[in-house]
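*Asks:* My structure is in final-v9.tsv, and what it holds is TSV, C-alpha atoms:
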```
chain	number	residue	atom	x	y	z
A	1	ALA	CA	0.00	0.00	0.00
A	2	GLN	CA	1.06	3.54	-0.66
A	3	SER	CA	2.40	5.75	2.12
A	4	VAL	CA	3.49	9.37	1.88
A	5	THR	CA	5.82	11.29	4.18
A	6	GLN	CA	6.24	15.05	4.24
A	7	LEU	CA	9.37	16.28	5.96
A	8	GLY	CA	8.83	19.47	7.92
A	9	SER	CA	5.43	20.49	9.21
A	10	HIS	CA	6.39	24.17	8.99
A	11	VAL	CA	8.65	25.87	6.45
A	12	SER	CA	9.46	29.58	6.36
A	13	VAL	CA	11.12	31.31	3.44
A	14	SER	CA	11.75	34.93	2.56
A	15	GLU	CA	9.82	36.53	-0.25
A	16	GLY	CA	11.77	35.93	-3.47
A	17	ALA	CA	13.64	32.93	-2.09
A	18	LEU	CA	13.46	29.34	-3.29
A	19	VAL	CA	10.61	27.23	-1.97
A	20	LEU	CA	11.36	23.53	-1.37
A	21	LEU	CA	8.76	21.26	0.21
A	22	ARG	CA	9.74	17.63	0.63
A	23	CYS	CA	7.68	14.52	-0.05
A	24	ASN	CA	8.76	10.89	-0.04
A	25	TYR	CA	6.62	7.95	-0.97
A	26	SER	CA	6.78	4.23	-0.52
A	27	SER	CA	5.03	1.95	-2.89
A	28	SER	CA	5.49	-1.46	-4.35
A	29	VAL	CA	4.10	-0.34	-7.69
A	30	PRO	CA	4.64	2.79	-9.79
A	31	PRO	CA	2.74	5.51	-7.97
A	32	TYR	CA	0.52	8.37	-8.96
A	33	LEU	CA	1.53	11.44	-6.97
A	34	PHE	CA	-0.12	14.78	-6.35
A	35	TRP	CA	0.50	18.07	-4.64
A	36	TYR	CA	-2.48	19.97	-3.29
A	37	VAL	CA	-2.61	23.45	-1.75
A	38	GLN	CA	-5.03	24.62	0.91
A	39	TYR	CA	-5.54	28.30	1.60
A	40	PRO	CA	-7.04	29.29	4.97
A	41	ASN	CA	-10.62	28.14	5.44
A	42	GLN	CA	-10.82	26.63	1.98
A	43	GLY	CA	-10.82	23.19	0.42
A	44	LEU	CA	-7.87	21.57	-1.32
A	45	GLN	CA	-6.86	22.63	-4.81
A	46	LEU	CA	-4.68	20.56	-7.13
A	47	LEU	CA	-1.26	22.11	-7.83
A	48	LEU	CA	0.16	19.35	-10.01
A	49	LYS	CA	0.20	15.61	-10.57
A	50	TYR	CA	2.60	12.92	-11.68
A	51	THR	CA	1.14	10.09	-13.72
A	52	SER	CA	4.34	8.66	-15.31
A	53	ALA	CA	4.20	10.76	-18.49
A	54	ALA	CA	7.16	12.97	-17.48
A	55	THR	CA	9.37	13.08	-14.42
A	56	LEU	CA	9.37	16.89	-14.20
A	57	VAL	CA	5.86	18.14	-13.70
A	58	LYS	CA	4.82	21.77	-13.95
A	59	GLY	CA	1.81	23.01	-12.08
A	60	ILE	CA	-0.08	26.17	-11.41
A	61	ASN	CA	1.29	29.34	-9.81
A	62	GLY	CA	4.89	28.61	-10.91
A	63	PHE	CA	5.29	25.40	-8.90
A	64	GLU	CA	6.92	22.27	-10.21
A	65	ALA	CA	7.90	18.87	-8.86
A	66	GLU	CA	10.35	16.21	-9.95
A	67	PHE	CA	9.68	12.50	-9.59
A	68	LYS	CA	12.86	10.68	-8.61
A	69	LYS	CA	12.38	6.95	-8.46
A	70	SER	CA	15.88	6.30	-7.10
A	71	GLU	CA	15.14	8.56	-4.13
A	72	THR	CA	11.38	7.74	-3.90
A	73	SER	CA	10.82	11.47	-3.78
A	74	PHE	CA	8.47	14.02	-5.29
A	75	HIS	CA	9.62	17.36	-3.88
A	76	LEU	CA	7.77	20.57	-4.69
A	77	THR	CA	9.72	23.66	-5.70
A	78	LYS	CA	9.19	27.24	-6.77
A	79	PRO	CA	12.14	29.46	-7.73
A	80	SER	CA	10.86	32.66	-6.14
A	81	ALA	CA	8.35	32.75	-3.28
A	82	HIS	CA	5.49	35.20	-3.29
A	83	MET	CA	3.43	36.35	-0.35
A	84	SER	CA	0.38	34.70	-1.91
A	85	ASP	CA	2.08	31.28	-1.64
A	86	ALA	CA	1.48	31.21	2.10
A	87	ALA	CA	-0.74	28.15	2.60
A	88	GLU	CA	-0.67	24.52	3.64
A	89	TYR	CA	0.60	22.02	1.12
A	90	PHE	CA	-0.23	18.33	0.98
A	91	CYS	CA	1.48	15.57	-0.91
A	92	ALA	CA	-0.71	12.60	-1.81
A	93	GLY	CA	-0.29	9.34	-3.64
A	94	SER	CA	-2.02	6.26	-4.84
A	95	ASP	CA	-0.98	2.93	-6.27
A	96	GLY	CA	-2.92	3.74	-9.42
A	97	TRP	CA	-4.58	1.14	-11.62
A	98	GLY	CA	-7.92	0.38	-10.11
A	99	ASN	CA	-7.11	1.95	-6.76
A	100	GLU	CA	-8.73	5.35	-6.54
A	101	LYS	CA	-7.90	6.01	-2.90
A	102	LEU	CA	-5.34	8.66	-2.10
A	103	THR	CA	-3.03	8.59	0.90
A	104	PHE	CA	-2.18	12.08	2.14
A	105	GLY	CA	0.90	13.32	3.93
A	106	THR	CA	0.45	15.29	7.13
A	107	GLY	CA	0.96	18.63	5.38
A	108	THR	CA	3.52	21.42	5.39
A	109	ARG	CA	2.54	24.94	6.36
A	110	LEU	CA	4.48	27.46	4.28
A	111	THR	CA	5.08	30.92	5.72
A	112	ILE	CA	6.50	33.72	3.58
A	113	ILE	CA	8.62	36.32	5.35
A	114	PRO	CA	8.34	39.81	3.85
B	1	ASN	CA	-20.34	24.16	-12.89
B	2	ALA	CA	-20.40	24.33	-9.11
B	3	GLY	CA	-17.99	21.39	-8.73
B	4	VAL	CA	-18.31	19.80	-5.28
B	5	THR	CA	-20.69	21.43	-2.84
B	6	GLN	CA	-21.11	20.69	0.86
B	7	THR	CA	-23.73	21.67	3.40
B	8	PRO	CA	-23.65	22.96	6.03
B	9	LYS	CA	-20.48	25.06	6.23
B	10	PHE	CA	-20.51	25.16	10.02
B	11	GLN	CA	-22.26	23.10	12.67
B	12	VAL	CA	-22.17	22.86	16.45
B	13	LEU	CA	-23.59	19.74	18.07
B	14	LYS	CA	-23.96	18.50	21.60
B	15	THR	CA	-22.59	15.07	22.52
B	16	GLY	CA	-25.06	12.39	21.47
B	17	GLN	CA	-26.84	14.43	18.81
B	18	SER	CA	-27.02	13.17	15.25
B	19	MET	CA	-26.59	14.95	11.97
B	20	THR	CA	-25.99	14.36	8.27
B	21	LEU	CA	-23.44	16.15	6.16
B	22	GLN	CA	-24.48	16.53	2.55
B	23	CYS	CA	-22.24	16.45	-0.50
B	24	ALA	CA	-23.06	16.77	-4.18
B	25	GLN	CA	-20.97	16.95	-7.35
B	26	ASP	CA	-21.98	17.99	-10.84
B	27	MET	CA	-18.98	16.61	-12.76
B	28	ASN	CA	-20.52	13.18	-13.45
B	29	HIS	CA	-17.76	11.54	-11.41
B	30	ASN	CA	-17.99	7.89	-10.45
B	31	SER	CA	-16.08	8.00	-7.17
B	32	MET	CA	-16.77	10.07	-4.07
B	33	TYR	CA	-14.97	10.34	-0.74
B	34	TRP	CA	-15.34	11.68	2.79
B	35	TYR	CA	-12.28	12.87	4.71
B	36	ARG	CA	-11.67	14.45	8.05
B	37	GLN	CA	-8.87	16.93	8.63
B	38	ASP	CA	-7.29	17.35	12.04
B	39	PRO	CA	-4.25	19.48	12.91
B	40	GLY	CA	-0.98	17.66	12.28
B	41	MET	CA	-2.70	14.60	10.83
B	42	GLY	CA	-3.41	15.60	7.26
B	43	LEU	CA	-6.54	14.19	5.65
B	44	ARG	CA	-7.81	10.80	6.69
B	45	LEU	CA	-10.29	8.85	4.63
B	46	ILE	CA	-13.51	8.00	6.44
B	47	TYR	CA	-15.52	6.28	3.71
B	48	TYR	CA	-15.53	6.20	-0.03
B	49	SER	CA	-17.78	5.12	-2.85
B	50	ALA	CA	-16.10	3.83	-5.98
B	51	SER	CA	-19.34	3.90	-7.91
B	52	GLU	CA	-23.05	4.42	-7.44
B	53	GLY	CA	-24.44	1.75	-5.19
B	54	THR	CA	-21.16	0.83	-3.47
B	55	THR	CA	-19.49	2.12	-0.33
B	56	ASP	CA	-16.37	1.02	1.53
B	57	LYS	CA	-14.64	1.87	4.76
B	58	GLY	CA	-11.57	4.03	4.80
B	59	GLU	CA	-8.98	4.56	7.49
B	60	VAL	CA	-11.25	5.99	10.23
B	61	PRO	CA	-14.86	4.76	9.72
B	62	ASN	CA	-15.91	4.23	13.34
B	63	GLY	CA	-18.82	6.42	14.40
B	64	TYR	CA	-19.87	7.27	10.86
B	65	ASN	CA	-22.21	5.94	8.21
B	66	VAL	CA	-22.58	6.92	4.58
B	67	SER	CA	-25.13	6.75	1.82
B	68	ARG	CA	-24.47	7.04	-1.89
B	69	LEU	CA	-27.91	8.34	-2.75
B	70	ASN	CA	-27.27	8.52	-6.50
B	71	LYS	CA	-24.32	9.30	-8.74
B	72	ARG	CA	-24.30	12.97	-7.65
B	73	GLU	CA	-24.79	12.73	-3.89
B	74	PHE	CA	-22.86	11.14	-1.04
B	75	SER	CA	-23.89	11.86	2.54
B	76	LEU	CA	-22.07	11.29	5.82
B	77	ARG	CA	-24.03	10.63	9.00
B	78	LEU	CA	-22.98	10.90	12.60
B	79	GLU	CA	-25.50	8.87	14.62
B	80	SER	CA	-24.30	9.91	18.08
B	81	ALA	CA	-21.75	12.68	17.93
B	82	ALA	CA	-18.72	12.65	20.25
B	83	PRO	CA	-16.18	15.40	21.01
B	84	SER	CA	-13.54	13.31	19.19
B	85	GLN	CA	-15.49	13.95	15.99
B	86	THR	CA	-14.79	17.67	16.17
B	87	SER	CA	-13.02	18.25	12.89
B	88	VAL	CA	-13.22	19.72	9.42
B	89	TYR	CA	-14.91	17.36	6.99
B	90	PHE	CA	-14.20	17.37	3.29
B	91	CYS	CA	-16.03	15.65	0.49
B	92	ALA	CA	-14.23	14.90	-2.76
B	93	SER	CA	-14.97	13.26	-6.09
B	94	SER	CA	-12.95	11.77	-8.92
B	95	GLU	CA	-13.57	10.37	-12.35
B	96	ALA	CA	-11.68	7.12	-11.74
B	97	ALA	CA	-13.46	3.80	-11.55
B	98	SER	CA	-11.94	0.39	-11.00
B	99	GLY	CA	-10.73	-1.32	-14.11
B	100	ARG	CA	-10.32	1.81	-16.19
B	101	ALA	CA	-7.51	1.60	-18.69
B	102	VAL	CA	-6.24	5.05	-17.71
B	103	PRO	CA	-6.62	5.79	-14.02
B	104	ARG	CA	-7.53	9.36	-13.25
B	105	ASN	CA	-7.13	9.70	-9.54
B	106	GLU	CA	-7.22	13.46	-9.29
B	107	GLN	CA	-9.76	14.33	-6.65
B	108	PHE	CA	-11.79	17.52	-6.55
B	109	PHE	CA	-12.63	18.85	-3.11
B	110	GLY	CA	-15.55	20.71	-1.62
B	111	PRO	CA	-15.10	23.74	0.67
B	112	GLY	CA	-15.50	21.71	3.86
B	113	THR	CA	-17.78	21.57	6.90
B	114	ARG	CA	-16.39	22.73	10.22
B	115	LEU	CA	-18.01	20.61	12.94
B	116	THR	CA	-17.71	21.20	16.66
B	117	VAL	CA	-19.08	18.68	19.15
B	118	LEU	CA	-19.47	19.98	22.69
```
Let me see the structure of the file written as structure tokens.
*Replies:*
Amino acid sequence: AQSVTQLGSHVSVSEGALVLLRCNYSSSVPPYLFWYVQYPNQGLQLLLKYTSAATLVKGINGFEAEFKKSETSFHLTKPSAHMSDAAEYFCAGSDGWGNEKLTFGTGTRLTIIP
Amino acid sequence: NAGVTQTPKFQVLKTGQSMTLQCAQDMNHNSMYWYRQDPGMGLRLIYYSASEGTTDKGEVPNGYNVSRLNKREFSLRLESAAPSQTSVYFCASSEAASGRAVPRNEQFFGPGTRLTVL
């Protein structure tokens, strides 16, 4: 079964600095991986998804993530943080093929320092 | 399209009271899900419905029941609310169905219901 680990429950970066949010997965089969963002008092919104078509995935709002099988990682990055990026970010995964259930990480709260 | 809608947005219950959380989607999705979100624990799956007429337990089903009323609607019922059920509840839907040649697991989320049990 799929499991997802997010390293760091809180991350703070300065405005304009690199954003790096870490996600590792464990799966016995090729996974489907997702990053979601949650703004305060809102539901979750899909940022990007990996479905084996390409290892570097570009998402909305300038975010991207790279699937690295050798490291079982799917870290989320953005070259230059903006104040509007302050939110909670969740990594999620599934085993794919006939298994629609997602397993979520515990989330990382991103704070942007002016 | 409204996407996934949930009612109510907020609810306060006393211990032992019952209530039903409603969820509807207008994207013609096969699968629907109920999650609870608690600080530091991410989202945990309560129940899901892979298709109309089927429901299955998730990670934390105790104290809850669900009904997949039709393809659009999936309700979550608390028969006797407890303080441990204080949480934010999210409904989600996805197009995927078992056996599809191309799995599409992306889930679309509703705005959530904030429930407090006193």
*Asks:* Name the closest residue to Asp56 in chain B among the candidates B:Ser31, B:Pro83, B:Gly42, B:Asn70; distances are taken between atoms, counting only C-alpha atoms.
*Replies:* B:Ser31
*Asks:* Within 10 Å of Ser80 in chain B, counting only C-alpha atoms, which residues show up once you throw out same-chain ones fewer than 4 positions away? Write them as JSON, numbers by chain, please.
*Replies:* {"B": [13, 14, 15, 16, 17, 18, 19, 63, 64, 85]}
*Asks:* Next, write the just-selected residues to a file, as an mmCIF file, in the coordinates of the input, keeping C-alpha atoms as the atom set.
*Replies:*
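Contents of again.cif, freshly written:
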```
data_model
loop_
_atom_site.group_PDB
_atom_site.id
_atom_site.type_symbol
_atom_site.label_atom_id
_atom_site.label_comp_id
_atom_site.auth_asym_id
_atom_site.auth_seq_id
_atom_site.Cartn_x
_atom_site.Cartn_y
_atom_site.Cartn_z
ATOM 1 C CA LEU B 13 -23.590 19.740 18.070
ATOM 2 C CA LYS B 14 -23.960 18.500 21.600
ATOM 3 C CA THR B 15 -22.590 15.070 22.520
ATOM 4 C CA GLY B 16 -25.060 12.390 21.470
ATOM 5 C CA GLN B 17 -26.840 14.430 18.810
ATOM 6 C CA SER B 18 -27.020 13.170 15.250
ATOM 7 C CA MET B 19 -26.590 14.950 11.970
ATOM 8 C CA GLY B 63 -18.820 6.420 14.400
ATOM 9 C CA TYR B 64 -19.870 7.270 10.860
ATOM 10 C CA GLN B 85 -15.490 13.950 15.990
#
```
*Asks:* I want to know what sits within 10 Å of Cys23 in chain B, based on all atoms listed in the file, with residues of the same chain fewer than 5 positions away left out; could you give that as a list of chain:residue names?
*Replies:*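 The filter keeps B:Val4, B:Thr5, B:Gln6, B:Thr7, B:Pro8, B:Met32, B:Tyr33, B:Trp34, B:Arg68, B:Arg72, B:Glu73, B:Phe74, B:Ser75, B:Leu76, B:Phe90, B:Cys91, B:Ala92, B:Ser93, B:Gly110, B:Gly112.
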*Asks:* Next, the residues of the selection above should be written as a CSV table (one decimal), keeping the file's coordinate frame with C-alpha atoms.
*Replies:*
```
chain,number,residue,atom,x,y,z
B,4,VAL,CA,-18.3,19.8,-5.3
B,5,THR,CA,-20.7,21.4,-2.8
B,6,GLN,CA,-21.1,20.7,0.9
B,7,THR,CA,-23.7,21.7,3.4
B,8,PRO,CA,-23.6,23.0,6.0
B,32,MET,CA,-16.8,10.1,-4.1
B,33,TYR,CA,-15.0,10.3,-0.7
B,34,TRP,CA,-15.3,11.7,2.8
B,68,ARG,CA,-24.5,7.0,-1.9
B,72,ARG,CA,-24.3,13.0,-7.6
B,73,GLU,CA,-24.8,12.7,-3.9
B,74,PHE,CA,-22.9,11.1,-1.0
B,75,SER,CA,-23.9,11.9,2.5
B,76,LEU,CA,-22.1,11.3,5.8
B,90,PHE,CA,-14.2,17.4,3.3
B,91,CYS,CA,-16.0,15.6,0.5
B,92,ALA,CA,-14.2,14.9,-2.8
B,93,SER,CA,-15.0,13.3,-6.1
B,110,GLY,CA,-15.6,20.7,-1.6
B,112,GLY,CA,-15.5,21.7,3.9
```
*Asks:* Quick check, in Å to one decimal: how far apart do CA of Ala53 in chain A and CA of Thr77 in chain A lie?
*Replies:*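 Between CA of Ala53 in chain A and CA of Thr77 in chain A the gap works out to 19.0 Å.
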*Asks:* Which of these residues is nearest to Glu88 in chain A, using all atoms listed in the file: A:Leu44, A:Leu7, A:Cys23, A:Val37?
*Replies:*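 Of A:Leu44, A:Leu7, A:Cys23, A:Val37, the one nearest Glu88 in chain A, counting all atoms listed in the file, is A:Val37.
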*Asks:* Which residues are near Tyr89 in chain A? Cut-off 12 Å, only C-alpha atoms, ignore same chain within fewer than 5 positions. Put them as number ranges by chain.
*Replies:* A: 6-11, 19-23, 34-40, 43-48, 63, 75-77, 104-111; B: 42-43
*Asks:* Measuring atom to atom with all atoms listed in the file, identify which of B:Asp26, B:Gln11, B:Thr116, B:Lys57 is nearest to chain A.
*Replies:*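 The answer is B:Lys57, which sits nearest to chain A.
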